[in-house]
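> Pasting a structure here, questions to come.
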Amino acid sequence: MTRATDKQWERLGKEAPYFGVLTDDEFKRENLDEHAKSGFFRSGEEHIDFIIRVIKQHLDANFCPKRSLDFGCGTGRLVIPIAKRFGHVVGVDISKSMLQEARRNCQPYNVEFIESDDELSKVNGKFDFVHSYIVLQHIPVRRGVKFFEQMIELLADGGVAALHFTYFRDMSFIRKSLCWIQKKIPLMGNLANLVKGKAFSNPHMQMNDYNMNRIFELLQKRGCGQVYIHFTNHYGHLGLIVFFQKKLV
């Protein structure tokens, strides 16, 4: 069955693919000029440089993956810098429209794009590097945990992953309540759009918090005991990037 979040993501892919990745007004379709687009992709370069520095400092000084996976690749913002540095990358996303835009952006690079399903059934082989950033928070937790388990399975022995989760909302009780209402009660998100001066049908982007005890339990049971944590804060949504290496057999 098609999920509501999938429909929302596909709609963002059609109407505002860059804003769907980075929710800043400059990346809305009506504002997206060459300067804004350049900044969009530059932010991806900076993020991947940071990820590599952390991995080399804390997990694997010789990190140089031959095959990488970016889960929730969107328009290719992070796929491009990975491909520039390491070669072959597989980008996975649920939105056909996002993938179409990503293919246009990534034509010069050694990149393969795959439309996602709940089993990641079209993703073949193992990867030396598995990455996902500001993605799992938009997926309902039970489904997101299943994706997390599958990404561990796709990671080669000795491979490294960097996966981002949100776990807490540092917000007032009123703001938390409004977020819950918009998520749980039909049409409330649409009414909130009108209050904010947006179109009634403007897609609502879910935010979901993960139980990190469950995440760490799965890492330990799957032989991913070498872990490093970097905390994040996106507008009051507290999170962390979990860096880990899968134990060599």
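In the structure tokens, chains take letters A, B, ... by order of appearance, with residues numbered from 1 within each chain and ligands from 1 in the order shown.
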Give one line per residue of region 82-171 of chain A that approaches region 5-12 of chain A to at most 12 Å, naming the two atoms of the closest pair and their distance in Å to one decimal, counting only C-alpha atoms; sort by chain then ascending residue number and deliver it as CSV.


residue,atom,partner,partner_atom,distance
A:Asp93,CA,A:Trp9,CA,9.5
A:Ile94,CA,A:Asp6,CA,6.5
A:Ser95,CA,A:Glu10,CA,4.7
A:Lys96,CA,A:Glu10,CA,6.8
A:Ser97,CA,A:Glu10,CA,6.4
A:Met98,CA,A:Glu10,CA,7.3
A:Leu99,CA,A:Glu10,CA,9.9
A:Gln100,CA,A:Glu10,CA,11.2
A:Glu101,CA,A:Leu12,CA,11.9
A:Glu115,CA,A:Glu10,CA,11.4
A:Ser116,CA,A:Asp6,CA,10.2
A:Asp117,CA,A:Asp6,CA,10.0
A:Asp118,CA,A:Asp6,CA,10.9
A:Val135,CA,A:Trp9,CA,10.8
A:Leu136,CA,A:Thr5,CA,11.5
A:Gln137,CA,A:Thr5,CA,11.3
A:His138,CA,A:Thr5,CA,7.6
A:Ile139,CA,A:Thr5,CA,7.0
A:Pro140,CA,A:Thr5,CA,8.2
A:Val141,CA,A:Thr5,CA,11.9
A:Arg143,CA,A:Thr5,CA,11.0
A:Gly144,CA,A:Thr5,CA,11.8

> With N, CA and C atoms retained, could you export that selection as an mmCIF file, in the first residue's frame?


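What ended up in result-v1.cif:
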data_model
loop_
_atom_site.group_PDB
_atom_site.id
_atom_site.type_symbol
_atom_site.label_atom_id
_atom_site.label_comp_id
_atom_site.auth_asym_id
_atom_site.auth_seq_id
_atom_site.Cartn_x
_atom_site.Cartn_y
_atom_site.Cartn_z
ATOM 1 N N ASP A 93 15.842 6.636 -3.434
ATOM 2 C CA ASP A 93 14.804 7.552 -2.966
ATOM 3 C C ASP A 93 13.438 7.003 -3.338
ATOM 4 N N ILE A 94 12.417 7.388 -2.570
ATOM 5 C CA ILE A 94 11.055 6.913 -2.815
ATOM 6 C C ILE A 94 10.363 7.706 -3.913
ATOM 7 N N SER A 95 10.876 8.910 -4.216
ATOM 8 C CA SER A 95 10.209 9.810 -5.146
ATOM 9 C C SER A 95 10.796 9.707 -6.550
ATOM 10 N N LYS A 96 9.964 9.350 -7.517
ATOM 11 C CA LYS A 96 10.408 9.296 -8.910
ATOM 12 C C LYS A 96 10.837 10.673 -9.402
ATOM 13 N N SER A 97 10.111 11.699 -8.980
ATOM 14 C CA SER A 97 10.442 13.057 -9.417
ATOM 15 C C SER A 97 11.788 13.509 -8.862
ATOM 16 N N MET A 98 12.059 13.184 -7.600
ATOM 17 C CA MET A 98 13.369 13.492 -7.025
ATOM 18 C C MET A 98 14.468 12.793 -7.813
ATOM 19 N N LEU A 99 14.252 11.538 -8.131
ATOM 20 C CA LEU A 99 15.262 10.766 -8.852
ATOM 21 C C LEU A 99 15.496 11.323 -10.252
ATOM 22 N N GLN A 100 14.448 11.778 -10.909
ATOM 23 C CA GLN A 100 14.615 12.395 -12.229
ATOM 24 C C GLN A 100 15.500 13.631 -12.145
ATOM 25 N N GLU A 101 15.270 14.464 -11.130
ATOM 26 C CA GLU A 101 16.092 15.659 -10.939
ATOM 27 C C GLU A 101 17.530 15.273 -10.590
ATOM 28 N N GLU A 115 14.752 3.466 -7.343
ATOM 29 C CA GLU A 115 13.533 3.815 -6.610
ATOM 30 C C GLU A 115 13.358 2.850 -5.448
ATOM 31 N N SER A 116 13.139 3.401 -4.269
ATOM 32 C CA SER A 116 13.080 2.605 -3.049
ATOM 33 C C SER A 116 11.740 1.899 -2.877
ATOM 34 N N ASP A 117 11.776 0.790 -2.153
ATOM 35 C CA ASP A 117 10.574 0.176 -1.597
ATOM 36 C C ASP A 117 10.906 -0.227 -0.157
ATOM 37 N N ASP A 118 9.956 -0.782 0.552
ATOM 38 C CA ASP A 118 10.159 -1.054 1.975
ATOM 39 C C ASP A 118 11.201 -2.137 2.238
ATOM 40 N N VAL A 135 16.827 12.338 6.649
ATOM 41 C CA VAL A 135 15.888 11.498 5.889
ATOM 42 C C VAL A 135 15.005 10.674 6.821
ATOM 43 N N LEU A 136 15.622 9.874 7.694
ATOM 44 C CA LEU A 136 14.856 8.946 8.533
ATOM 45 C C LEU A 136 13.857 9.673 9.426
ATOM 46 N N GLN A 137 14.147 10.925 9.776
ATOM 47 C CA GLN A 137 13.224 11.694 10.612
ATOM 48 C C GLN A 137 11.868 11.907 9.943
ATOM 49 N N HIS A 138 11.828 11.845 8.614
ATOM 50 C CA HIS A 138 10.577 12.041 7.871
ATOM 51 C C HIS A 138 9.816 10.737 7.628
ATOM 52 N N ILE A 139 10.337 9.629 8.157
ATOM 53 C CA ILE A 139 9.730 8.309 7.960
ATOM 54 C C ILE A 139 9.174 7.822 9.292
ATOM 55 N N PRO A 140 7.938 7.307 9.335
ATOM 56 C CA PRO A 140 7.415 6.763 10.585
ATOM 57 C C PRO A 140 8.394 5.786 11.220
ATOM 58 N N VAL A 141 8.492 5.811 12.536
ATOM 59 C CA VAL A 141 9.593 5.154 13.235
ATOM 60 C C VAL A 141 9.673 3.658 12.947
ATOM 61 N N ARG A 143 8.752 1.936 10.459
ATOM 62 C CA ARG A 143 9.249 1.738 9.093
ATOM 63 C C ARG A 143 10.719 2.149 8.987
ATOM 64 N N GLY A 144 11.072 3.239 9.651
ATOM 65 C CA GLY A 144 12.445 3.718 9.617
ATOM 66 C C GLY A 144 13.417 2.745 10.255
#

> Which residues, written as a list in words, have at least one atom at most 8 Å from Gln226 (chain A), with only C-alpha atoms counted and residues fewer than 4 positions away on the same chain left out?

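That gives Leu59, Phe244, Gln245, Lys246 and Lys247 of chain A.
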
> Determine which residues of region 119-163 of chain A DSSP labels as helix (DSSP H, G or I) from the backbone of this structure, then write them out as a PyMOL selection string.

chain A and resi 136-138+141-154

> As a ChimeraX atom specification, please: the residues near Phe41 (chain A) (cut-off 9 Å, only C-alpha atoms, same-chain neighbours under 5 positions excluded).

/A:36,46,76-78,80-81

> Run DSSP on the backbone and tell me which residues of region 33-156 of chain A come out as strand (DSSP E); list them as a ChimeraX atom specification.

/A:67-71,88-93,111-115,127-132,155-156

> Go ahead and save the residues from that selection, with C-alpha atoms, as an mmCIF file, in the first residue's frame.


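Final file, out.cif:
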data_model
loop_
_atom_site.group_PDB
_atom_site.id
_atom_site.type_symbol
_atom_site.label_atom_id
_atom_site.label_comp_id
_atom_site.auth_asym_id
_atom_site.auth_seq_id
_atom_site.Cartn_x
_atom_site.Cartn_y
_atom_site.Cartn_z
ATOM 1 C CA ARG A 67 31.025 1.383 -3.409
ATOM 2 C CA SER A 68 28.725 3.766 -1.511
ATOM 3 C CA LEU A 69 24.981 4.025 -0.805
ATOM 4 C CA ASP A 70 23.088 7.256 -0.071
ATOM 5 C CA PHE A 71 19.634 6.461 1.333
ATOM 6 C CA HIS A 88 30.583 4.510 -7.699
ATOM 7 C CA VAL A 89 27.524 5.605 -5.693
ATOM 8 C CA VAL A 90 23.980 4.189 -5.527
ATOM 9 C CA GLY A 91 21.345 6.786 -4.656
ATOM 10 C CA VAL A 92 18.001 5.537 -3.307
ATOM 11 C CA ASP A 93 14.804 7.552 -2.966
ATOM 12 C CA VAL A 111 26.117 7.135 -10.103
ATOM 13 C CA GLU A 112 23.191 4.706 -10.190
ATOM 14 C CA PHE A 113 19.732 5.697 -8.963
ATOM 15 C CA ILE A 114 17.145 3.259 -7.623
ATOM 16 C CA GLU A 115 13.533 3.815 -6.610
ATOM 17 C CA PHE A 127 28.585 -1.308 0.291
ATOM 18 C CA ASP A 128 31.763 -0.026 1.926
ATOM 19 C CA PHE A 129 29.975 3.189 2.926
ATOM 20 C CA VAL A 130 26.290 3.684 3.785
ATOM 21 C CA HIS A 131 25.020 7.200 4.413
ATOM 22 C CA SER A 132 21.716 8.915 5.192
ATOM 23 C CA LEU A 155 27.033 -2.733 4.831
ATOM 24 C CA ALA A 156 30.062 -4.871 3.983
#

> Can you list, as a PyMOL selection string, every protein, DNA or RNA residue that comes within 12 Å of Arg53 (chain A) when you count only C-alpha atoms, leaving out same-chain residues fewer than 6 positions away?

chain A and resi 46-47+59-64+162+243

> Tell me which of A:Asn31, A:Ser43, A:Asn124, A:Asn211 sits closest to Leu240 (chain A), counting only C-alpha atoms.

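Using only C-alpha atoms, the shortest distance to Leu240 (chain A) belongs to A:Asn211.
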
> By how many Å are CA of His237 (chain A) and CA of Glu26 (chain A) apart?

21.1 Å
